[in-house]
file final_22.pdb (PDB, C-alpha atoms)
ATOM      1  CA  MET X   1    -103.113 -93.238  73.345
ATOM      2  CA  ASP X   2    -106.535 -92.372  71.927
ATOM      3  CA  LYS X   3    -109.642 -92.703  74.104
ATOM      4  CA  TYR X   4    -113.270 -92.607  73.069
ATOM      5  CA  GLU X   5    -115.736 -92.348  75.938
ATOM      6  CA  TYR X   6    -119.507 -92.145  76.459
ATOM      7  CA  ARG X   7    -120.740 -90.220  79.502
ATOM      8  CA  THR X   8    -123.751 -88.399  80.875
ATOM      9  CA  VAL X   9    -123.828 -85.185  82.891
ATOM     10  CA  ARG X  10    -126.541 -82.979  84.342
ATOM     11  CA  ASN X  11    -125.175 -79.833  82.679
ATOM     12  CA  ARG X  12    -122.162 -78.275  80.944
ATOM     13  CA  ALA X  13    -120.633 -77.140  84.232
ATOM     14  CA  GLU X  14    -119.731 -80.782  84.933
ATOM     15  CA  LEU X  15    -117.692 -81.171  81.722
ATOM     16  CA  PRO X  16    -114.280 -79.840  82.868
ATOM     17  CA  ALA X  17    -113.961 -82.174  85.871
ATOM     18  CA  MET X  18    -115.160 -85.148  83.849
ATOM     19  CA  ILE X  19    -112.693 -84.457  81.003
ATOM     20  CA  ALA X  20    -109.827 -83.901  83.442
ATOM     21  CA  GLN X  21    -110.570 -87.246  85.100
ATOM     22  CA  ILE X  22    -110.926 -89.257  81.869
ATOM     23  CA  TYR X  23    -107.756 -87.897  80.266
ATOM     24  CA  ASN X  24    -105.710 -87.461  83.461
ATOM     25  CA  LEU X  25    -105.375 -83.692  82.984
ATOM     26  CA  LYS X  26    -105.251 -80.798  85.446
ATOM     27  CA  LEU X  27    -108.718 -79.367  86.005
ATOM     28  CA  LEU X  28    -107.545 -75.756  85.712
ATOM     29  CA  ASP X  29    -105.858 -76.489  82.366
ATOM     30  CA  VAL X  30    -109.055 -78.058  81.028
ATOM     31  CA  GLN X  31    -111.203 -75.159  82.241
ATOM     32  CA  LYS X  32    -108.813 -72.625  80.719
ATOM     33  CA  SER X  33    -108.699 -74.431  77.369
ATOM     34  CA  LEU X  34    -112.496 -74.727  77.177
ATOM     35  CA  ASN X  35    -112.919 -71.052  78.086
ATOM     36  CA  GLU X  36    -110.343 -69.918  75.529
ATOM     37  CA  ARG X  37    -112.084 -71.876  72.768
ATOM     38  CA  ASP X  38    -115.515 -70.599  73.799
ATOM     39  CA  ALA X  39    -114.195 -67.020  73.643
ATOM     40  CA  LEU X  40    -113.413 -67.521  69.934
ATOM     41  CA  GLY X  41    -117.083 -68.081  69.103
ATOM     42  CA  SER X  42    -119.805 -70.667  69.004
ATOM     43  CA  VAL X  43    -118.981 -74.351  69.305
ATOM     44  CA  ARG X  44    -122.505 -75.338  68.217
ATOM     45  CA  ILE X  45    -122.382 -77.846  65.333
ATOM     46  CA  ALA X  46    -126.092 -78.757  65.340
ATOM     47  CA  GLU X  47    -129.128 -77.499  67.198
ATOM     48  CA  ASP X  48    -128.655 -80.245  69.782
ATOM     49  CA  ILE X  49    -124.845 -80.674  69.791
ATOM     50  CA  ASP X  50    -121.906 -78.527  70.896
ATOM     51  CA  LEU X  51    -118.274 -79.352  70.100
ATOM     52  CA  PRO X  52    -116.165 -78.085  73.027
ATOM     53  CA  HIS X  53    -112.400 -78.314  72.473
ATOM     54  CA  VAL X  54    -109.603 -79.072  74.896
ATOM     55  CA  GLU X  55    -106.321 -78.376  73.127
ATOM     56  CA  LEU X  56    -103.235 -78.661  75.313
ATOM     57  CA  PRO X  57     -99.562 -79.310  74.552
ATOM     58  CA  GLU X  58     -97.761 -82.498  75.509
ATOM     59  CA  ILE X  59    -100.776 -84.593  76.491
ATOM     60  CA  THR X  60    -100.564 -88.372  76.488
ATOM     61  CA  ASN X  61    -104.201 -89.244  75.867
ATOM     62  CA  GLN X  62    -106.293 -87.722  73.091
ATOM     63  CA  GLY X  63    -109.778 -88.518  71.916
ATOM     64  CA  LEU X  64    -113.459 -87.756  71.811
ATOM     65  CA  VAL X  65    -116.126 -87.921  74.483
ATOM     66  CA  TRP X  66    -119.815 -88.189  73.561
ATOM     67  CA  VAL X  67    -121.714 -86.598  76.439
ATOM     68  CA  ARG X  68    -125.459 -86.590  76.888
ATOM     69  CA  SER X  69    -127.092 -84.101  79.232
ATOM     70  CA  GLU X  70    -130.570 -82.831  79.925
ATOM     71  CA  GLU X  71    -129.896 -79.509  78.211
ATOM     72  CA  LEU X  72    -127.714 -80.423  75.221
ATOM     73  CA  ASN X  73    -125.353 -83.079  73.851
ATOM     74  CA  TYR X  74    -121.594 -82.537  73.658
ATOM     75  CA  LEU X  75    -118.966 -84.057  71.414
ATOM     76  CA  VAL X  76    -115.815 -83.061  73.282
ATOM     77  CA  MET X  77    -112.519 -83.156  71.417
ATOM     78  CA  VAL X  78    -109.359 -83.560  73.516
ATOM     79  CA  ILE X  79    -106.235 -83.102  71.433
ATOM     80  CA  ASP X  80    -102.532 -82.305  71.722
ATOM     81  CA  SER X  81    -102.079 -78.808  70.313
ATOM     82  CA  ASN X  82     -98.566 -79.667  69.053
ATOM     83  CA  LYS X  83     -99.126 -83.230  67.797
ATOM     84  CA  PRO X  84    -102.825 -83.857  67.155
ATOM     85  CA  SER X  85    -103.768 -87.501  66.718
ATOM     86  CA  SER X  86    -104.556 -88.059  63.047
ATOM     87  CA  GLU X  87    -106.968 -90.842  64.024
ATOM     88  CA  VAL X  88    -108.963 -88.554  66.329
ATOM     89  CA  VAL X  89    -109.046 -85.796  63.716
ATOM     90  CA  ASP X  90    -110.120 -88.233  60.996
ATOM     91  CA  ARG X  91    -112.926 -89.699  63.107
ATOM     92  CA  LEU X  92    -114.107 -86.236  64.084
ATOM     93  CA  LYS X  93    -114.260 -85.155  60.438
ATOM     94  CA  LYS X  94    -116.429 -88.175  59.655
ATOM     95  CA  LEU X  95    -118.710 -87.461  62.598
ATOM     96  CA  LEU X  96    -119.254 -83.886  61.432
ATOM     97  CA  SER X  97    -120.998 -85.068  58.259
ATOM     98  CA  LYS X  98    -124.788 -85.282  58.185
ATOM     99  CA  LYS X  99    -124.594 -89.096  58.456
ATOM    100  CA  GLY X 100    -121.988 -88.863  61.220
ATOM    101  CA  LEU X 101    -124.142 -86.512  63.291
ATOM    102  CA  ASN X 102    -127.101 -88.841  62.904
ATOM    103  CA  ASP X 103    -124.912 -91.803  63.895
ATOM    104  CA  ILE X 104    -123.556 -90.094  67.019
ATOM    105  CA  ARG X 105    -127.056 -89.049  68.084
ATOM    106  CA  SER X 106    -128.022 -92.733  68.194
ATOM    107  CA  VAL X 107    -125.230 -93.606  70.664
ATOM    108  CA  GLN X 108    -126.761 -94.489  74.047
ATOM    109  CA  SER X 109    -123.915 -96.425  75.700
ATOM    110  CA  GLN X 110    -120.179 -97.064  75.697
ATOM    111  CA  SER X 111    -120.696-100.195  73.595
ATOM    112  CA  ASP X 112    -122.638 -98.158  70.993
ATOM    113  CA  LEU X 113    -119.781 -95.659  70.867
ATOM    114  CA  ASP X 114    -117.147 -98.402  70.632
ATOM    115  CA  LYS X 115    -119.005 -99.906  67.690
ATOM    116  CA  LEU X 116    -119.280 -96.534  65.914
ATOM    117  CA  MET X 117    -115.603 -95.712  66.508
ATOM    118  CA  MET X 118    -114.610 -99.120  65.098
ATOM    119  CA  GLU X 119    -116.772 -98.505  62.031
ATOM    120  CA  LEU X 120    -115.187 -95.095  61.510
ATOM    121  CA  ARG X 121    -111.708 -96.552  61.876
ATOM    122  CA  SER X 122    -112.230 -99.494  59.561
ATOM    123  CA  ASN X 123    -114.141 -97.564  56.939
ATOM    124  CA  GLY X 124    -111.589 -95.118  55.577
ATOM    125  CA  ASN X 125    -113.751 -94.540  52.509
ATOM    126  CA  ARG X 126    -116.926 -93.761  54.431
ATOM    127  CA  LYS X 127    -118.922 -91.114  52.582
ATOM    128  CA  ASN X 128    -119.565 -87.873  54.415
ATOM    129  CA  ASN X 129    -123.108 -87.122  53.218
TER
END

call {"tool": "encode", "arguments": {"input": "final_22.pdb", "output": "C-alpha cells"}}
result
Amino acid sequence: MDKYEYRTVRNRAELPAMIAQIYNLKLLDVQKSLNERDALGSVRIAEDIDLPHVELPEITNQGLVWVRSEELNYLVMVIDSNKPSSEVVDRLKKLLSKKGLNDIRSVQSQSDLDKLMMELRSNGNRKNN
C-alpha cells in the first residue's frame, strides 16, 4: 500500500523515528538505510530540499513523505528495494521536475499534499518542465 504523508520536524535527527512510525518499520533498519544512502553522496535536489531514501526489502507500505523543518525541507522516499512501487517512482519523477519542485514547496498541509498526489496520479501526461 502506498502512503503519502505531510509532516513537520525540528531537524533531520527526527526523521528516522518519524519514518519508522509512519511506515511501521524498525527504527534501526530505517537509520541504517538512511545512513547507507547518505554515504553514497549528496541527497540534495534543490538548495532547500533533500531527498533521503529508505530502501528496504519486503516492506508492505511504500511512499513519499514531505517534511518541513526549520533548517531544510525533506522529500523522503520509502521504497521496497526488491519491488519498488511504480506509482511512487512515477510520482517522484514528476516531483523532481522544476514544476514539481515548485508544486511541492507550496504544500503546507496533508490536504495540500493529497491534492498534489491526486493531480500527479491522474495526470499521466503532466509535463516535467

call {"tool": "residues_around", "arguments": {"input": "final_22.pdb", "residues": "X:Ser81", "least_positions_apart": "4", "cutoff": "10 Å", "atoms": "all atoms listed in the file", "output": "CSV table (one decimal) with C-alpha atoms, keeping the file's coordinate frame"}}
result
chain,number,residue,atom,x,y,z
X,54,VAL,CA,-109.6,-79.1,74.9
X,55,GLU,CA,-106.3,-78.4,73.1
X,56,LEU,CA,-103.2,-78.7,75.3
X,57,PRO,CA,-99.6,-79.3,74.6
X,58,GLU,CA,-97.8,-82.5,75.5
X,59,ILE,CA,-100.8,-84.6,76.5
X,85,SER,CA,-103.8,-87.5,66.7

call {"tool": "resolve_selection", "arguments": {"input": "final_22.pdb", "expression": "the PyMOL selection byres ((chain X and resi 52) around 6)", "output": "count of residues only"}}
result
4

call {"tool": "resolve_selection", "arguments": {"input": "final_22.pdb", "expression": "the PyMOL selection byres ((chain X and resi 48) around 7)", "output": "list in words"}}
result
Ala46, Glu47, Ile49, Leu72 and Asn73 of chain X

call {"tool": "atom_distance", "arguments": {"input": "final_22.pdb", "atom1": "atom CA of X:Trp66", "atom2": "atom CA of X:Val107"}}
result
8.2 Å

call {"tool": "resolve_selection", "arguments": {"input": "final_22.pdb", "expression": "the PyMOL selection byres ((chain X and resi 9-19) around 10)", "output": "ChimeraX atom specification"}}
result
/X:5,7-8,20-34,52,54,64-65,67-74,76-78

call {"tool": "closest_residue", "arguments": {"input": "final_22.pdb", "among": "X:Leu120, X:Ile79, X:Leu40, X:Leu113", "to": "X:Lys93", "atoms": "only C-alpha atoms"}}
result
X:Leu120

call {"tool": "closest_residue", "arguments": {"input": "final_22.pdb", "among": "X:Gln62, X:Asn102, X:Ser111, X:Ser86", "to": "X:Met1", "atoms": "all atoms listed in the file"}}
result
X:Gln62

call {"tool": "decode", "arguments": {"input": "final_22.pdb", "residues": "stretch 13-28 of chain X", "atoms": "N, CA, C and O atoms", "output": "compact mmCIF listing (two decimals), in the first residue's frame"}}
result
# COMPACT_ATOMS: atom_id res chain seq x y z
N ALA X 13 17.43 14.96 12.56
CA ALA X 13 17.60 13.86 13.52
C ALA X 13 16.27 13.19 13.86
O ALA X 13 16.24 12.03 14.27
N GLU X 14 15.16 13.91 13.69
CA GLU X 14 13.85 13.35 13.99
C GLU X 14 13.28 12.47 12.86
O GLU X 14 12.29 11.78 13.06
N LEU X 15 13.89 12.53 11.68
CA LEU X 15 13.36 11.79 10.53
C LEU X 15 13.26 10.28 10.73
O LEU X 15 12.21 9.70 10.44
N PRO X 16 14.31 9.59 11.19
CA PRO X 16 14.21 8.12 11.27
C PRO X 16 13.04 7.62 12.10
O PRO X 16 12.30 6.73 11.66
N ALA X 17 12.83 8.18 13.27
CA ALA X 17 11.73 7.72 14.13
C ALA X 17 10.38 8.01 13.49
O ALA X 17 9.47 7.18 13.55
N MET X 18 10.26 9.17 12.85
CA MET X 18 9.01 9.53 12.20
C MET X 18 8.71 8.56 11.05
O MET X 18 7.59 8.06 10.93
N ILE X 19 9.70 8.29 10.22
CA ILE X 19 9.53 7.37 9.08
C ILE X 19 9.19 5.96 9.57
O ILE X 19 8.29 5.31 9.03
N ALA X 20 9.90 5.51 10.58
CA ALA X 20 9.62 4.18 11.14
C ALA X 20 8.18 4.08 11.62
O ALA X 20 7.50 3.07 11.37
N GLN X 21 7.70 5.12 12.27
CA GLN X 21 6.32 5.12 12.79
C GLN X 21 5.30 5.13 11.65
O GLN X 21 4.36 4.35 11.65
N ILE X 22 5.48 6.01 10.67
CA ILE X 22 4.51 6.13 9.57
C ILE X 22 4.40 4.82 8.79
O ILE X 22 3.30 4.38 8.45
N TYR X 23 5.53 4.21 8.49
CA TYR X 23 5.55 3.03 7.61
C TYR X 23 5.66 1.71 8.37
O TYR X 23 5.85 0.67 7.75
N ASN X 24 5.55 1.77 9.70
CA ASN X 24 5.60 0.57 10.53
C ASN X 24 6.87 -0.25 10.26
O ASN X 24 6.81 -1.45 9.97
N LEU X 25 8.01 0.44 10.35
CA LEU X 25 9.31 -0.18 10.12
C LEU X 25 10.14 -0.14 11.40
O LEU X 25 9.87 0.65 12.31
N LYS X 26 11.16 -0.97 11.47
CA LYS X 26 12.06 -0.97 12.62
C LYS X 26 12.97 0.25 12.53
O LYS X 26 13.57 0.51 11.48
N LEU X 27 13.08 0.97 13.64
CA LEU X 27 13.87 2.19 13.67
C LEU X 27 15.31 1.95 13.23
O LEU X 27 15.87 2.72 12.43
N LEU X 28 15.93 0.89 13.70
CA LEU X 28 17.33 0.62 13.33
C LEU X 28 17.48 0.37 11.83
O LEU X 28 18.47 0.79 11.22
